[in-house]
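Just coords_26.cif here, mmCIF, C-alpha atoms:
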data_upload
#
loop_
_atom_site.label_atom_id
_atom_site.label_comp_id
_atom_site.auth_asym_id
_atom_site.auth_seq_id
_atom_site.Cartn_x
_atom_site.Cartn_y
_atom_site.Cartn_z
CA MET D 50 -11.53 3.08 20.19
CA HIS D 51 -11.45 -0.47 18.79
CA PHE D 52 -10.84 0.84 15.28
CA ARG D 53 -7.94 3.04 16.51
CA ILE D 54 -6.31 0.03 18.19
CA PHE D 55 -6.84 -2.05 15.05
CA GLY D 56 -5.32 0.73 12.93
CA LYS D 57 -2.26 0.91 15.18
CA LEU D 58 -1.80 -2.86 14.95
CA LEU D 59 -1.96 -2.64 11.15
CA ALA D 60 0.47 0.28 10.99
CA ASP D 61 3.02 -1.43 13.23
CA ASP D 62 5.70 -2.49 10.72
CA GLY D 63 7.96 -3.83 13.46
CA ASN D 64 5.26 -6.01 15.09
CA PHE D 65 5.75 -4.26 18.45
CA ARG D 66 2.01 -3.97 19.16
CA ARG D 67 1.23 -7.36 17.64
CA TYR D 68 3.72 -9.05 19.97
CA ARG D 69 2.14 -7.22 22.88
CA LEU D 70 -1.33 -8.39 21.80
CA ILE D 71 -0.19 -12.03 21.73
CA TYR D 72 1.74 -11.82 24.99
CA GLY D 73 -1.04 -9.89 26.69
CA ALA D 74 -3.63 -12.51 25.67
CA CYS D 75 -1.33 -15.32 26.84
CA PHE D 76 -0.73 -13.50 30.13
CA VAL D 77 -4.48 -13.32 30.84
CA VAL D 78 -5.06 -16.99 29.95
CA HIS D 79 -2.16 -18.30 32.05
CA ALA D 80 -3.00 -16.05 35.01
CA PHE D 81 -6.53 -17.50 34.94
CA TYR D 82 -5.25 -21.07 34.84
CA ALA D 83 -2.61 -20.47 37.52
CA ILE D 84 -5.41 -19.45 39.88
CA LEU D 85 -7.72 -22.28 38.74
CA PHE D 86 -5.10 -25.02 39.11
CA GLY D 87 -4.10 -23.61 42.49
CA ILE D 88 -7.72 -23.78 43.70
CA VAL D 89 -8.41 -27.32 42.45
CA GLY D 90 -5.06 -28.69 43.59
CA VAL D 91 -2.92 -29.36 40.50
CA PRO D 92 0.38 -27.92 41.81
CA GLU D 93 2.49 -28.85 38.78
CA LEU D 94 0.26 -26.89 36.40
CA MET D 95 -0.20 -24.08 38.90
CA VAL D 96 3.61 -23.59 39.06
CA PHE D 97 3.94 -23.93 35.28
CA ASN D 98 1.24 -21.30 34.70
CA ILE D 99 2.80 -18.95 37.27
CA PHE D 100 6.08 -19.26 35.38
CA SER D 101 4.24 -18.71 32.07
CA THR D 102 2.43 -15.66 33.47
CA ALA D 103 5.78 -14.15 34.48
CA LEU D 104 7.19 -14.93 31.03
CA TYR D 105 4.33 -13.22 29.21
CA ALA D 106 4.32 -10.28 31.61
CA SER D 107 8.01 -9.79 30.77
CA GLY D 108 7.28 -10.11 27.06
CA THR D 109 4.45 -7.59 27.25
CA LEU D 110 6.71 -5.10 29.03
CA PHE D 111 10.05 -5.62 27.31
CA VAL D 112 9.47 -6.77 23.73
CA ARG D 113 10.76 -4.09 21.37
CA ASN D 114 10.71 -3.50 17.64
CA ASN D 115 13.17 -5.75 15.85
CA LYS D 116 15.14 -6.54 19.03
CA GLY D 117 15.29 -10.16 20.11
CA THR D 118 11.96 -11.00 18.50
CA ILE D 119 13.27 -14.39 17.34
CA VAL D 120 13.83 -15.29 21.00
CA TRP D 121 10.36 -14.06 21.99
CA MET D 122 8.74 -16.07 19.19
CA LEU D 123 10.66 -19.22 20.14
CA LEU D 124 9.68 -18.79 23.80
CA LEU D 125 6.04 -18.31 22.81
CA ASN D 126 5.94 -21.47 20.70
CA PHE D 127 7.84 -23.73 23.07
CA GLU D 128 5.89 -22.56 26.11
CA ILE D 129 2.58 -23.26 24.38
CA MET D 130 3.78 -26.65 23.15
CA MET D 131 5.02 -27.70 26.60
CA HIS D 132 1.85 -26.45 28.26
CA GLY D 133 -0.32 -28.45 25.85
CA ILE D 134 1.74 -31.62 26.33
CA TRP D 135 1.82 -31.35 30.10
CA CYS D 136 -1.90 -30.53 30.41
CA ALA D 137 -2.76 -33.55 28.26
CA ASP D 138 -0.41 -35.72 30.31
CA LEU D 139 -1.73 -34.62 33.71
CA LEU D 140 -5.41 -33.92 32.93
CA GLY D 141 -6.25 -35.60 29.64
CA TYR D 142 -6.74 -34.49 26.05
CA GLN D 143 -10.44 -33.63 26.40
CA TYR D 144 -9.68 -30.22 27.93
CA GLN D 145 -8.44 -29.04 24.51
CA PHE D 146 -5.32 -27.22 25.69
CA SER D 147 -3.62 -28.38 22.49
CA LEU D 148 -5.86 -25.98 20.53
CA TYR D 149 -3.50 -23.16 21.52
CA THR D 150 -0.63 -25.12 19.97
CA LEU D 151 -2.52 -25.29 16.67
CA ALA D 152 -3.67 -21.66 16.86
CA VAL D 153 -0.13 -20.35 17.18
CA ILE D 154 0.89 -21.86 13.80
CA PRO D 155 -0.83 -19.28 11.49
CA ILE D 156 0.01 -16.51 13.96
CA THR D 157 3.70 -17.44 13.74
CA TYR D 158 3.64 -17.35 9.93
CA PHE D 159 1.98 -13.94 9.97
CA ILE D 160 4.23 -12.37 12.57
CA THR D 161 7.54 -13.73 11.27
CA TYR D 162 6.70 -12.74 7.70
CA LEU D 163 6.24 -9.11 8.78
CA ASP D 164 9.23 -8.99 11.15
CA PRO D 165 12.46 -7.89 9.39
CA GLU D 166 14.56 -9.73 11.97
CA PHE D 167 13.50 -13.04 10.40
CA THR D 168 15.65 -13.51 7.28
CA HIS D 169 13.95 -16.80 6.36
CA PRO D 170 10.43 -16.43 7.83
CA ILE D 171 8.80 -19.28 5.88
CA THR D 172 11.51 -21.79 6.85
CA PHE D 173 11.48 -20.63 10.48
CA SER D 174 7.69 -20.81 10.73
CA SER D 175 7.49 -24.16 8.93
CA VAL D 176 9.95 -25.75 11.37
CA LEU D 177 7.94 -24.44 14.31
CA ALA D 178 4.69 -25.58 12.68
CA ALA D 179 6.09 -29.10 12.31
CA LEU D 180 7.13 -29.11 15.98
CA ASN D 181 3.72 -27.79 17.01
CA GLY D 182 1.97 -30.49 15.02
CA LEU D 183 4.27 -33.15 16.49
CA SER D 184 3.55 -31.94 20.04
CA VAL D 185 -0.22 -32.19 19.45
CA MET D 186 0.20 -35.76 18.18
CA MET D 187 2.31 -36.59 21.24
CA SER D 188 -0.40 -35.19 23.52
CA LEU D 189 -3.10 -37.19 21.78
CA PHE D 190 -1.03 -40.39 21.74
CA GLY D 191 -0.03 -40.04 25.41
CA SER D 192 -3.60 -39.46 26.57
CA ALA D 193 -4.86 -42.44 24.61
CA HIS D 194 -2.34 -44.91 26.10
CA ARG D 195 -2.20 -43.98 29.78
CA THR D 196 -4.47 -42.65 32.46
CA PRO D 197 -3.70 -38.99 33.35
CA ARG D 198 -2.66 -38.42 36.97
CA TYR D 199 -5.49 -35.95 37.64
CA HIS D 200 -8.06 -37.54 35.34
CA ASP D 201 -10.87 -37.22 37.92
CA MET D 202 -9.90 -33.81 39.33
CA LEU D 203 -11.87 -31.49 36.99
CA THR D 204 -14.25 -33.94 35.34
CA GLU D 205 -17.39 -31.90 36.05
CA PHE D 206 -15.72 -28.78 34.58
CA SER D 207 -14.04 -30.44 31.59
CA HIS D 208 -16.61 -29.23 29.06
CA ILE D 209 -16.46 -25.67 30.46
CA ILE D 210 -12.65 -25.57 30.30
CA ALA D 211 -12.74 -27.05 26.78
CA GLN D 212 -15.20 -24.35 25.70
CA VAL D 213 -13.06 -21.58 27.26
CA ASN D 214 -10.01 -22.90 25.43
CA MET D 215 -11.95 -23.14 22.20
CA LEU D 216 -13.33 -19.60 22.55
CA MET D 217 -9.86 -18.17 23.29
CA THR D 218 -8.43 -20.02 20.30
CA VAL D 219 -11.20 -18.74 18.04
CA PHE D 220 -10.66 -15.20 19.39
CA LEU D 221 -6.94 -15.34 18.60
CA LEU D 222 -7.50 -16.79 15.13
CA ILE D 223 -10.21 -14.26 14.25
CA SER D 224 -8.12 -11.36 15.59
CA PHE D 225 -5.05 -12.29 13.60
CA SER D 226 -7.07 -13.21 10.51
CA MET D 227 -8.52 -9.69 10.62
CA LEU D 228 -5.03 -8.25 11.06
CA PHE D 229 -3.70 -10.39 8.22
CA THR D 230 -6.54 -9.36 5.89
CA GLY D 231 -6.20 -5.73 6.93
CA LYS D 232 -2.46 -5.82 6.39
CA ILE D 233 -2.86 -7.31 2.91
CA ASN D 234 -5.48 -4.70 1.98
CA GLY D 235 -3.28 -1.94 3.38
CA ASP D 236 -0.27 -3.17 1.43
CA LEU D 237 -2.36 -3.47 -1.74
CA ASN D 238 -3.61 0.11 -1.29
CA LYS D 239 -0.03 1.32 -0.81
CA LEU D 240 1.00 -0.59 -3.92
CA ARG D 241 -1.82 0.99 -5.90
CA GLU D 242 -0.81 4.44 -4.66
CA GLN D 243 2.81 3.78 -5.60
CA ASN D 244 1.75 2.50 -9.02
CA ASP D 245 -0.42 5.58 -9.50
CA ALA D 246 2.52 7.78 -8.51
CA LEU D 247 4.84 5.92 -10.90
CA ASP D 248 2.22 6.09 -13.63
CA TYR D 249 1.94 9.84 -13.08
CA LEU D 250 5.73 10.25 -13.22
CA ALA D 251 5.87 8.16 -16.39
CA ASN D 252 3.00 9.89 -18.18
CA PHE D 253 2.77 13.44 -16.85
CA ASP D 254 5.06 16.44 -16.72
CA GLN D 255 5.83 17.32 -13.10
CA LEU D 256 6.09 21.07 -13.63
CA THR D 257 2.91 21.71 -15.61
CA GLY D 258 0.81 18.63 -14.83
CA LEU D 259 0.27 18.10 -18.56
CA ARG D 260 0.74 14.76 -20.27
CA ASN D 261 4.20 14.02 -21.61
CA ARG D 262 5.31 12.56 -24.95
CA ASN D 263 4.95 8.96 -23.81
CA HIS D 264 1.35 9.45 -22.84
CA ILE D 265 0.29 11.51 -25.84
CA ARG D 266 1.51 8.86 -28.26
CA GLU D 267 -0.86 6.36 -26.65
CA THR D 268 -3.64 8.92 -26.99
CA PHE D 269 -2.83 9.30 -30.68
CA LYS D 270 -3.46 5.58 -31.11
CA GLU D 271 -6.87 5.96 -29.48
CA TYR D 272 -7.78 8.84 -31.80
CA ILE D 273 -6.66 6.92 -34.88
CA GLY D 274 -8.52 3.80 -33.77
CA LYS D 275 -11.83 5.69 -33.53
CA ASP D 276 -11.45 7.01 -37.09
CA GLU D 277 -13.00 10.34 -36.09
CA PRO D 278 -11.80 13.80 -37.17
CA TYR D 279 -9.32 15.65 -35.00
CA SER D 280 -6.81 18.48 -35.19
CA VAL D 281 -3.14 18.46 -34.25
CA ILE D 282 -1.86 21.77 -32.86
CA LEU D 283 1.69 22.58 -31.84
CA GLY D 284 2.20 25.78 -29.87
CA ASP D 285 5.30 27.59 -28.67
CA ILE D 286 5.57 30.40 -26.11
CA ASP D 287 6.90 33.50 -27.84
CA ASP D 288 10.27 34.85 -26.68
CA PHE D 289 10.48 32.34 -23.85
CA LYS D 290 14.28 32.50 -23.79
CA HIS D 291 14.00 36.26 -23.24
CA VAL D 292 11.76 35.61 -20.21
CA ASN D 293 14.32 33.21 -18.72
CA ASP D 294 17.26 35.50 -19.45
CA THR D 295 15.54 38.61 -18.16
CA TYR D 296 13.55 37.40 -15.15
CA GLY D 297 15.19 34.07 -14.32
CA HIS D 298 14.19 30.44 -14.69
CA ASN D 299 11.73 30.61 -11.80
CA ALA D 300 9.78 33.20 -13.77
CA GLY D 301 10.00 30.96 -16.83
CA ASP D 302 8.53 28.09 -14.81
CA GLU D 303 5.67 30.31 -13.65
CA VAL D 304 4.95 31.29 -17.23
CA LEU D 305 4.93 27.66 -18.31
CA LYS D 306 2.58 26.69 -15.49
CA ALA D 307 0.21 29.59 -16.16
CA VAL D 308 0.08 28.97 -19.92
CA SER D 309 -0.43 25.23 -19.39
CA ALA D 310 -3.30 25.87 -16.97
CA ILE D 311 -5.02 28.18 -19.46
CA ILE D 312 -4.67 25.71 -22.33
CA LYS D 313 -5.79 22.75 -20.25
CA SER D 314 -8.83 24.67 -19.01
CA ASP D 315 -9.82 25.93 -22.48
CA VAL D 316 -9.42 22.54 -24.15
CA GLY D 317 -11.31 20.75 -21.35
CA GLU D 318 -13.09 17.63 -22.54
CA GLU D 319 -12.68 18.61 -26.19
CA GLY D 320 -9.17 17.18 -26.45
CA VAL D 321 -5.89 16.47 -24.69
CA VAL D 322 -2.86 18.63 -23.94
CA CYS D 323 0.79 17.57 -23.77
CA ARG D 324 4.04 19.30 -22.90
CA TRP D 325 5.95 18.33 -26.02
CA GLY D 326 9.30 19.69 -24.90
CA GLY D 327 10.71 22.90 -23.44
CA GLU D 328 8.13 25.61 -24.06
CA GLU D 329 6.34 23.65 -26.80
CA ILE D 330 2.84 22.31 -26.15
CA LEU D 331 1.03 19.79 -28.33
CA ILE D 332 -2.75 19.69 -28.40
CA LEU D 333 -5.20 17.22 -29.89
CA VAL D 334 -8.69 18.60 -30.41
CA LYS D 335 -11.60 16.35 -31.30
CA GLY D 336 -13.58 17.37 -34.35
CA SER D 337 -12.99 19.25 -37.57
CA THR D 338 -10.28 21.77 -38.37
CA GLU D 339 -12.81 24.54 -37.82
CA LYS D 340 -13.44 23.21 -34.33
CA GLY D 341 -9.68 23.18 -33.69
CA LEU D 342 -9.39 26.78 -34.89
CA THR D 343 -12.19 27.85 -32.55
CA VAL D 344 -10.52 26.22 -29.53
CA ILE D 345 -7.08 27.64 -30.35
CA GLY D 346 -8.56 31.07 -30.98
CA ARG D 347 -10.05 30.99 -27.48
CA ILE D 348 -6.71 29.89 -26.02
CA LEU D 349 -4.83 32.60 -27.89
CA ASP D 350 -7.16 35.32 -26.56
CA ASP D 351 -6.92 34.05 -22.96
CA ILE D 352 -3.12 33.90 -23.08
CA ARG D 353 -2.91 37.41 -24.49
CA ALA D 354 -5.11 38.66 -21.65
CA ALA D 355 -3.16 36.82 -18.94
CA LYS D 356 -0.62 38.48 -16.70
CA VAL D 357 1.79 36.10 -15.00
CA SER D 358 3.14 37.22 -11.63
CA SER D 359 6.58 36.07 -10.52
CA GLU D 360 8.15 37.57 -7.41
CA THR D 361 8.16 41.33 -8.10
CA VAL D 362 7.38 41.31 -11.84
CA THR D 363 4.31 40.81 -13.98
CA ILE D 364 4.90 39.19 -17.34
CA CYS D 365 2.71 39.35 -20.43
CA VAL D 366 2.84 36.30 -22.69
CA THR D 367 1.85 35.38 -26.23
CA MET D 368 1.98 32.12 -28.17
CA THR D 369 2.18 31.01 -31.75
CA PHE D 370 0.38 27.89 -33.02
CA GLY D 371 0.60 25.66 -36.04
CA LEU D 372 -2.53 23.61 -36.79
CA CYS D 373 -3.35 20.78 -39.17
CA GLY D 374 -6.29 18.45 -39.66
CA TYR D 375 -6.04 14.68 -39.41
CA ARG D 376 -6.26 14.32 -43.23
CA ASP D 377 -3.40 16.75 -43.91
CA ALA D 378 -0.74 14.02 -43.62
CA GLU D 379 -0.39 10.23 -43.82
CA ASN D 380 0.53 9.44 -40.23
CA ILE D 381 1.03 10.93 -36.79
CA GLU D 382 4.72 11.76 -37.22
CA LYS D 383 4.01 13.66 -40.43
CA LEU D 384 1.07 15.44 -38.82
CA ILE D 385 3.30 16.66 -36.00
CA SER D 386 6.02 17.62 -38.46
CA LEU D 387 3.48 19.60 -40.50
CA ALA D 388 2.09 21.35 -37.40
CA ASP D 389 5.69 22.20 -36.46
CA LYS D 390 6.36 23.60 -39.92
CA ARG D 391 3.27 25.82 -39.70
CA LEU D 392 4.26 26.89 -36.19
CA TYR D 393 7.57 28.22 -37.48
CA ILE D 394 5.85 29.94 -40.38
CA GLY D 395 3.89 31.77 -37.68
CA LYS D 396 7.10 32.53 -35.75
CA ASN D 397 8.72 33.97 -38.83
CA SER D 398 5.71 36.04 -39.77
CA GLY D 399 5.28 38.00 -36.56
CA LYS D 400 4.38 35.47 -33.81
CA ASN D 401 1.26 35.64 -31.62
CA ARG D 402 -0.94 33.94 -34.21
CA ILE D 403 -2.38 30.70 -35.61
CA ILE D 404 -1.20 29.20 -38.91
CA ALA D 405 -3.46 26.50 -40.36
CA ASN D 406 -2.02 26.14 -43.87
CA GLY D 407 1.25 26.33 -45.70
#
If you convert what's in this file into structure tokens, what do you get?
Amino acid sequence: MHFRIFGKLLADDGNFRRYRLIYGACFVVHAFYAILFGIVGVPELMVFNIFSTALYASGTLFVRNNKGTIVWMLLLNFEIMMHGIWCADLLGYQYQFSLYTLAVIPITYFITYLDPEFTHPITFSSVLAALNGLSVMMSLFGSAHRTPRYHDMLTEFSHIIAQVNMLMTVFLLISFSMLFTGKINGDLNKLREQNDALDYLANFDQLTGLRNRNHIRETFKEYIGKDEPYSVILGDIDDFKHVNDTYGHNAGDEVLKAVSAIIKSDVGEEGVVCRWGGEEILILVKGSTEKGLTVIGRILDDIRAAKVSSETVTICVTMTFGLCGYRDAENIEKLISLADKRLYIGKNSGKNRIIANG
């Protein structure tokens, strides 16, 4: 239950529930003190707390997302400041009512920063913080230079009231510190998710889930840096234009996805797979040329055996591959160019095969 409430408070982008938490807590505190001051005979503070209770009851009931929240925040701050000043003036500073004035400062920064109605939240909160600090100094100064009117009214309960005020202040500060920390962690998690999504869009092909050109070039650098043998393979789906023209582009997409899944599964941890462009797929396989030939032979057999279903048709697919070893050319661009050359030798010599020389 407590965790559900906490989750709702964190998810509340408009501060609706947070305002209600503050106003609800203030309502309880002022209702308590309205009764207490009525019992002990401090009519000024009893009336003030009755008024404050009505104010916070209204706020709890009527505060709405992004509607008049500046007014509600101003009322909250000024009511707490006036209450602290008047309590210090009538009772004395030792009751610690000014703690609420200090506690509302970080709460104001937190709430106004999250509320879109505040166009300059830091400036707004800083002005209120200065006024809050000034009101505490006024309370302290006033108590030190004159005898409060009801200085002997609650003397035996002063330490109890001070402890209640301190506990309520600590409760508010801990509650909003937890909310603040939770909000920051939540925002950081969202940012990480967004960054992961952007990273995926930047580095992976959305249709097939394979890496794209940007990503594979970074992988090339890793392979070169390790100075270990690898093979570069460029493959092309045979007669792909015929598939699109005959069965439609949706069928072509299904073929691309099915072929990509087969290649990715067969390569596994032995290399990386990239959608190079259109129906072309580039593969890096760790190890010798013989290892590359073994992997591509497995892929070629699995693609030949596959039957791709699209709507009411079943499509058989083949691919042609050009393969070269990492020592067959001076750099990555030439390796890809050579693999492409061998691919088209395969296309021109019957398709559905692997060409590893020429």
Item to check | Spatial neighbours of stretch 334-342 of chain D, 9 Å, all atoms listed in the file, chain gap at least 2 places, as a ChimeraX atom specification | outcome: /D:272,277-282,316,318-322,332,344-347,372-375,403,405
Item to check | Within 9 Å of D:Ile99 using only C-alpha atoms, minus same-chain residues under 3 positions, as a ChimeraX atom specification | outcome: /D:79-80,82-84,94-96,102-104
Item to check | Atomic distance atom CA of D:Ala74 - atom CA of D:His132, expressed in Å with one decimal | outcome: 15.2 Å
Checklist entry - Restricting the calculation to only C-alpha atoms, which member of D:Thr343, D:Thr230, D:Asn126, D:Ser386 is positioned closest to D:Leu177? => result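 Distance minimum relative to D:Leu177 lands on D:Asn126.
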Checklist entry - Quick one: residues within 9 Å of stretch 391-398 of chain D, only C-alpha atoms counted, chain neighbours fewer than 2 positions away excluded, as a PyMOL selection string? => result chain D and resi 282-285+287+369-373+386-389+400-407
Next on the checklist: Between atom CA of D:Asn244 and atom CA of D:Phe229, what distance in Å does the model show, to one decimal?
Outcome noted: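 Taking atom CA of D:Asn244 and atom CA of D:Phe229, their separation equals 22.2 Å.
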